[in-house]
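Data block below; observations after.
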Amino acid sequence: MLATLTATSSALEARLALTWAVEAIGSIGDRLQGIALDLDFDVGALTALIASSDVRELRKCVLGGRALDETGRLLAESHDEIGYIALSDELMMAQSEFRRLAADVVAPQALAIHRDDLLVPEELLRPLRDMGVFGLSIPEQFGGSAPNDRDDNLMMIVVTEALSEASLAAAGSLITRPEILSRALLTGGTATQKSYWLPRIACGDPLCAIAITEPDFGSDVAGLQFKGTRTAGGWLLDGAKTWCTFAGKAGVIMAVTRTAADRSLGHRGLSILLVEKPSYEGQAFEYRQTGGGRLSGKAIPTLGYRGMHSFDLSFENFFVPDANVVGGEEGLGEGFYFTMAGMMGGRLQTAARASGVMRAALLAALRYAADRRVFNAPLAHYALTRAKLARMAARFVACRQLTYAVGRLLDQGGGRMEASLIKLFACRSAEWITREALQIHGGIGYAEESPISRYFVDARVLSIFEGAEETLALKVISRSLFELALKSAERRGDL
Ligand SMILES: Cc1cc2nc3c(=O)[nH]c(=O)nc-3n(C[C@H](O)[C@H](O)[C@H](O)COP(=O)(O)OP(=O)(O)OC[C@H]3O[C@@H](n4cnc5c(N)ncnc54)[C@H](O)[C@@H]3O)c2cc1C
């Protein structure tokens, strides 16, 4: 099997693909056996398959001590891109330009931003604006860089990955907010709103923030309570939002608001209102409107993910004109759907963010294992380290390949469930890979001064936002799989 894969890819890539595939067979087998217990299914055939001599031989050839050692050795000696993706010339060029920008401009500032809990500085935002980072999902006709006739998720992935490698919070995640808002506007905005807002968002002026989460409602978006009350010429907002990242610096906040008085409407009572405000630098702000409205914000201290600050927000009688209701009168009650359209891109983008963090951690671990000597030999000399590196690389390659594959699917109009699936898998993998990379670094990995400790704390947040992993698993992925299964049963005439 190794020989067959080697014919189309490098020997190392083939080994890494097999390593992940065979690990996946093992964990899927375990999961299915657990599920079967609940459903009273007979698992005899599955157990027999897993215990068969073919599967055991495959496991030994790929996951046995000697096999992993060899994969780790090849990895440690390789200078090739790990998880190679065949990209067009345009994407290759973007990748190398953004990797250079990340290394030259972002990386030198990333440590100070993290340790001193600073806001992303203008010296970093300026080149990102110049390179069009905020308009990646916005069609050219509205001032962005995406084609007018289709999505261009691959460009978004390439740029996000490159920037997240240098800093998740101070670079890669800057793209998430315009990604969500511009997709929501493209889905539901009026022609006037698209031509007014999209060119501005594309050039990063104003910067934007997304306010969905509330103190009592996070995963349960349909239950949001943040209230909008109709007044002459617009809406008055009252209530609290929380975890609104970049709310201080942003000039516009996408606020998901309950505009219907009838609470029984659930998700059909939500609308998106665009809150305009001045941009503030600090960790707290207060904005008073001339008509008496008030918006205040205070940053929540966090473990990591520092650079944009995530705010608790309080609104009192805050006026938003009718023109800022996404979709106008017809957009009232449609906010949940517009938000979900935005989140679809946001989830794939988050998988790409995870991929960037994983790449940074893996490369740091490989470098450290080559340099650090223990018991008179480099760490990379030991079978245990090589096995660890092999498994980390295999997981990274799987996440990376799947992220790009889902990007292609979305570009072709499909891939909605898959975007949630790869978000869940890549974010969980980033936690594990950064943990293993930190472990390889020993004590220095735990020091704040080493980038690896930042990768570790930053990776932890990925499974919480953009759809917490339990919510994605229960409400999005399993429901979609169930619907697919029902449809195919209907087609077969089994129902
Ligand atoms: C650093 C950071 C930045 C953020 N930025 C933003 C932002 O810019 N804008 C924004 O709107 N939000 C933002 N968020 C908020 C984030 O999206 C929410 O934290 C997330 O949606 C989860 O909501 P919650 O915290 O209220 O958790 P809850 O909804 O209270 O859930 C708690 C836990 O229970 C799990 N859970 C949920 N349902 C079930 C179930 N049925 N069975 C079992 N377990 C379940 C959840 O997955 C979670 O692990 C940010 C969060 C963080 C930490």
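Every chain in the structure tokens takes a letter, A first, then B, and so on in the order presented; its residues are numbered from 1, and the ligands are numbered from 1 following the presented order.
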
With a distance cut-off of 12 Å and only C-alpha atoms, select the neighbouring residues of Leu303 of chain A, excluding the residue or stretch itself and same-chain residues fewer than 4 positions from it, and output the selection as number ranges by chain.
A: 114-115, 117, 169, 307, 309-310, 448, 453-461

Please find the residues contacting ligand 1 at a distance of at most 10 Å between atoms, with only C-alpha atoms and all ligand atoms counted, and report them as JSON, numbers by chain.
{"A": [169, 173, 176, 177, 208, 209, 210, 211, 212, 213, 214, 215, 216, 217, 218, 219, 220, 221, 241, 242, 243, 244, 245, 246, 247, 253, 254, 255, 256, 300, 301, 302, 303, 304, 305, 306, 308, 309, 310, 311, 458, 460, 461, 462, 463, 464, 465, 466, 467, 468, 469, 470, 471, 472, 473, 474, 475]}

12 Å contact set for His79 of chain A, only C-alpha atoms, chain neighbours under 6 positions out, as a list in words
Ser10, Leu12, Leu363, Leu366 and Arg367 of chain A

Considering only C-alpha atoms, return as a list of chain:residue names whatever protein or nucleic-acid residues lie within 6 Å of segment 284-294 of chain A, sequence-local ones (same chain, fewer than 2 positions apart) excluded.
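Result of the neighbour search: A:Gly282, A:Ser296, A:Gly297, A:Lys298, A:Phe315, A:Glu316, A:Asn317, A:Phe318.
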
Return the single residue from A:Ala369, A:Met343, A:Leu198, A:Met155 that is closest to Leu87 of chain A, with distances computed using only C-alpha atoms.
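Selected residue with least distance to Leu87 of chain A: A:Met155.
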
Which residues are close to Leu332 of chain A, i.e. within 10 Å by only C-alpha atoms, leaving aside same-chain residues fewer than 2 positions away? Reply as a compact mmCIF listing (two decimals) with all heavy atoms, in the first residue's frame.
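See result27.txt below for the written result:
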# COMPACT_ATOMS: atom_id res chain seq x y z
N THR A 257 -29.98 41.04 16.94
CA THR A 257 -30.92 41.71 17.84
C THR A 257 -32.32 41.11 17.72
O THR A 257 -32.77 40.79 16.61
CB THR A 257 -31.02 43.22 17.44
OG1 THR A 257 -29.69 43.74 17.39
CG2 THR A 257 -31.85 44.03 18.39
N ARG A 258 -33.00 41.01 18.88
CA ARG A 258 -34.39 40.54 18.83
C ARG A 258 -35.29 41.74 18.52
O ARG A 258 -35.46 42.61 19.37
CB ARG A 258 -34.77 39.87 20.16
CG ARG A 258 -36.14 39.24 20.13
CD ARG A 258 -36.33 38.18 21.21
NE ARG A 258 -35.48 37.01 21.01
CZ ARG A 258 -35.72 36.02 20.15
NH1 ARG A 258 -36.81 36.05 19.40
NH2 ARG A 258 -34.89 35.00 20.03
N THR A 259 -35.79 41.78 17.31
CA THR A 259 -36.60 42.94 16.90
C THR A 259 -38.10 42.62 16.97
O THR A 259 -38.93 43.52 16.87
CB THR A 259 -36.25 43.37 15.46
OG1 THR A 259 -36.19 42.21 14.64
CG2 THR A 259 -34.93 44.12 15.41
N ALA A 260 -38.44 41.35 17.14
CA ALA A 260 -39.86 40.99 17.22
C ALA A 260 -40.28 40.95 18.68
O ALA A 260 -39.60 40.35 19.50
CB ALA A 260 -40.09 39.63 16.57
N ARG A 268 -36.78 33.21 14.45
CA ARG A 268 -37.41 34.03 13.41
C ARG A 268 -37.71 35.45 13.89
O ARG A 268 -38.22 36.27 13.13
CB ARG A 268 -38.67 33.34 12.88
CG ARG A 268 -38.37 32.05 12.11
CD ARG A 268 -39.58 31.51 11.38
NE ARG A 268 -40.74 31.39 12.25
CZ ARG A 268 -40.98 30.35 13.06
NH1 ARG A 268 -40.13 29.34 13.09
NH2 ARG A 268 -42.05 30.32 13.83
N GLY A 269 -37.35 35.74 15.14
CA GLY A 269 -37.55 37.10 15.66
C GLY A 269 -36.27 37.91 15.68
O GLY A 269 -36.23 39.01 16.23
N LEU A 270 -35.19 37.36 15.08
CA LEU A 270 -33.88 38.03 15.15
C LEU A 270 -33.56 38.79 13.86
O LEU A 270 -33.92 38.33 12.76
CB LEU A 270 -32.77 37.00 15.40
CG LEU A 270 -32.88 36.21 16.71
CD1 LEU A 270 -31.83 35.11 16.76
CD2 LEU A 270 -32.73 37.14 17.92
N SER A 271 -32.88 39.91 14.01
CA SER A 271 -32.45 40.70 12.85
C SER A 271 -31.01 41.15 13.10
O SER A 271 -30.55 41.13 14.24
CB SER A 271 -33.32 41.94 12.68
OG SER A 271 -34.69 41.57 12.72
N ILE A 272 -30.34 41.56 12.02
CA ILE A 272 -28.98 42.09 12.19
C ILE A 272 -29.04 43.61 12.06
O ILE A 272 -29.51 44.14 11.05
CB ILE A 272 -28.01 41.53 11.12
CG1 ILE A 272 -27.82 40.03 11.33
CG2 ILE A 272 -26.67 42.26 11.19
CD1 ILE A 272 -26.89 39.39 10.31
N LEU A 273 -28.55 44.28 13.10
CA LEU A 273 -28.46 45.75 13.07
C LEU A 273 -26.99 46.15 13.09
O LEU A 273 -26.19 45.53 13.82
CB LEU A 273 -29.19 46.35 14.27
CG LEU A 273 -30.70 46.61 14.06
CD1 LEU A 273 -31.46 45.33 13.77
CD2 LEU A 273 -31.30 47.33 15.27
N VAL A 325 -30.50 48.31 9.26
CA VAL A 325 -31.07 46.97 9.46
C VAL A 325 -30.72 46.17 8.21
O VAL A 325 -31.14 46.53 7.10
CB VAL A 325 -32.60 47.02 9.63
CG1 VAL A 325 -33.17 45.61 9.75
CG2 VAL A 325 -32.98 47.86 10.84
N VAL A 326 -29.94 45.11 8.37
CA VAL A 326 -29.50 44.36 7.18
C VAL A 326 -30.74 43.76 6.47
O VAL A 326 -31.54 43.07 7.09
CB VAL A 326 -28.48 43.26 7.55
CG1 VAL A 326 -28.18 42.37 6.35
CG2 VAL A 326 -27.19 43.89 8.08
N GLY A 327 -30.86 44.12 5.20
CA GLY A 327 -32.00 43.65 4.42
C GLY A 327 -33.20 44.58 4.50
O GLY A 327 -34.24 44.30 3.90
N GLY A 328 -33.10 45.67 5.27
CA GLY A 328 -34.21 46.62 5.39
C GLY A 328 -35.42 45.96 6.03
O GLY A 328 -35.30 45.01 6.80
N GLU A 329 -36.61 46.47 5.72
CA GLU A 329 -37.86 45.92 6.31
C GLU A 329 -37.95 44.41 6.06
O GLU A 329 -38.34 43.64 6.93
CB GLU A 329 -39.09 46.56 5.66
CG GLU A 329 -39.78 47.72 6.33
CD GLU A 329 -39.92 47.69 7.85
OE1 GLU A 329 -40.75 46.92 8.36
OE2 GLU A 329 -39.21 48.44 8.54
N GLU A 330 -37.53 44.00 4.85
CA GLU A 330 -37.64 42.57 4.53
C GLU A 330 -36.63 41.72 5.28
O GLU A 330 -36.76 40.51 5.37
CB GLU A 330 -37.46 42.36 3.02
CG GLU A 330 -38.68 42.79 2.25
CD GLU A 330 -38.43 42.77 0.76
OE1 GLU A 330 -37.53 42.03 0.30
OE2 GLU A 330 -39.14 43.52 0.06
N GLU A 334 -34.97 37.92 9.66
CA GLU A 334 -34.10 37.03 8.85
C GLU A 334 -32.67 36.97 9.40
O GLU A 334 -31.80 36.34 8.80
CB GLU A 334 -34.03 37.54 7.40
CG GLU A 334 -35.37 37.58 6.67
CD GLU A 334 -35.90 36.18 6.44
OE1 GLU A 334 -35.12 35.30 6.06
OE2 GLU A 334 -37.11 35.98 6.68
N GLY A 335 -32.44 37.65 10.51
CA GLY A 335 -31.06 37.80 11.02
C GLY A 335 -30.36 36.49 11.33
O GLY A 335 -29.15 36.35 11.15
N PHE A 336 -31.13 35.51 11.82
CA PHE A 336 -30.52 34.22 12.15
C PHE A 336 -29.93 33.59 10.89
O PHE A 336 -28.80 33.09 10.90
CB PHE A 336 -31.60 33.30 12.74
CG PHE A 336 -31.09 31.94 13.11
CD1 PHE A 336 -30.47 31.73 14.34
CD2 PHE A 336 -31.23 30.85 12.26
CE1 PHE A 336 -29.98 30.46 14.70
CE2 PHE A 336 -30.75 29.60 12.59
CZ PHE A 336 -30.12 29.40 13.82

Can you pull out every residue within 12 Å of Asn148 of chain A, counting only C-alpha atoms, but drop anything in the same chain fewer than 2 positions away, and send it as number ranges by chain?
A: 136-146, 150-152, 186

Would you mind exporting the chosen residues as an mmCIF file, in the first residue's frame, restricted to N, CA and C atoms?
data_model
loop_
_atom_site.group_PDB
_atom_site.id
_atom_site.type_symbol
_atom_site.label_atom_id
_atom_site.label_comp_id
_atom_site.auth_asym_id
_atom_site.auth_seq_id
_atom_site.Cartn_x
_atom_site.Cartn_y
_atom_site.Cartn_z
ATOM 1 N N LEU A 136 -11.097 39.719 1.387
ATOM 2 C CA LEU A 136 -10.874 38.437 0.711
ATOM 3 C C LEU A 136 -12.163 37.758 0.260
ATOM 4 N N SER A 137 -13.259 37.987 1.010
ATOM 5 C CA SER A 137 -14.512 37.316 0.642
ATOM 6 C C SER A 137 -15.461 38.262 -0.063
ATOM 7 N N ILE A 138 -14.975 39.441 -0.363
ATOM 8 C CA ILE A 138 -15.846 40.450 -0.983
ATOM 9 C C ILE A 138 -15.563 40.499 -2.489
ATOM 10 N N PRO A 139 -16.609 40.370 -3.312
ATOM 11 C CA PRO A 139 -16.395 40.362 -4.767
ATOM 12 C C PRO A 139 -15.724 41.652 -5.254
ATOM 13 N N GLU A 140 -14.996 41.504 -6.366
ATOM 14 C CA GLU A 140 -14.264 42.660 -6.938
ATOM 15 C C GLU A 140 -15.188 43.843 -7.183
ATOM 16 N N GLN A 141 -16.429 43.551 -7.631
ATOM 17 C CA GLN A 141 -17.346 44.671 -7.946
ATOM 18 C C GLN A 141 -17.645 45.532 -6.713
ATOM 19 N N PHE A 142 -17.408 44.970 -5.506
ATOM 20 C CA PHE A 142 -17.623 45.751 -4.276
ATOM 21 C C PHE A 142 -16.296 46.107 -3.606
ATOM 22 N N GLY A 143 -15.216 46.068 -4.362
ATOM 23 C CA GLY A 143 -13.940 46.536 -3.832
ATOM 24 C C GLY A 143 -13.088 45.483 -3.152
ATOM 25 N N GLY A 144 -13.549 44.218 -3.175
ATOM 26 C CA GLY A 144 -12.736 43.154 -2.574
ATOM 27 C C GLY A 144 -11.893 42.453 -3.610
ATOM 28 N N SER A 145 -11.377 41.252 -3.244
ATOM 29 C CA SER A 145 -10.524 40.545 -4.199
ATOM 30 C C SER A 145 -11.131 39.225 -4.668
ATOM 31 N N ALA A 146 -12.347 38.890 -4.193
ATOM 32 C CA ALA A 146 -12.973 37.632 -4.647
ATOM 33 C C ALA A 146 -13.589 37.847 -6.030
ATOM 34 N N ARG A 150 -18.216 33.827 -8.211
ATOM 35 C CA ARG A 150 -18.131 32.643 -7.346
ATOM 36 C C ARG A 150 -17.336 32.995 -6.091
ATOM 37 N N ASP A 151 -17.416 32.094 -5.098
ATOM 38 C CA ASP A 151 -16.607 32.281 -3.891
ATOM 39 C C ASP A 151 -15.166 31.909 -4.170
ATOM 40 N N ASP A 152 -14.240 32.459 -3.371
ATOM 41 C CA ASP A 152 -12.835 32.080 -3.519
ATOM 42 C C ASP A 152 -12.292 31.713 -2.137
ATOM 43 N N LEU A 186 -23.726 40.026 1.972
ATOM 44 C CA LEU A 186 -23.903 39.498 0.612
ATOM 45 C C LEU A 186 -25.160 38.642 0.541
#

Find, counting only C-alpha atoms, the residue in A:Ser182, A:Leu124, A:Thr339, A:Gly189 that gets nearest to Ala222 of chain A.
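Among the listed residues, A:Thr339 lies closest to Ala222 of chain A.
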
Please list as a PyMOL selection string every residue within 12 Å of segment 400-402 of chain A, counting only C-alpha atoms and excluding residues in the same chain fewer than 4 positions away.
chain A and resi 13+16-17+20+81-87+154+157-158+161+348-359+393-396+406-409+415+418-427+429-430

Using only C-alpha atoms for the distances, tell me which of A:Leu481, A:Met417, A:Ala110, A:Val133 is nearest to Arg347 of chain A.
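When distances to Arg347 of chain A are compared using only C-alpha atoms, the smallest one comes from A:Met417.
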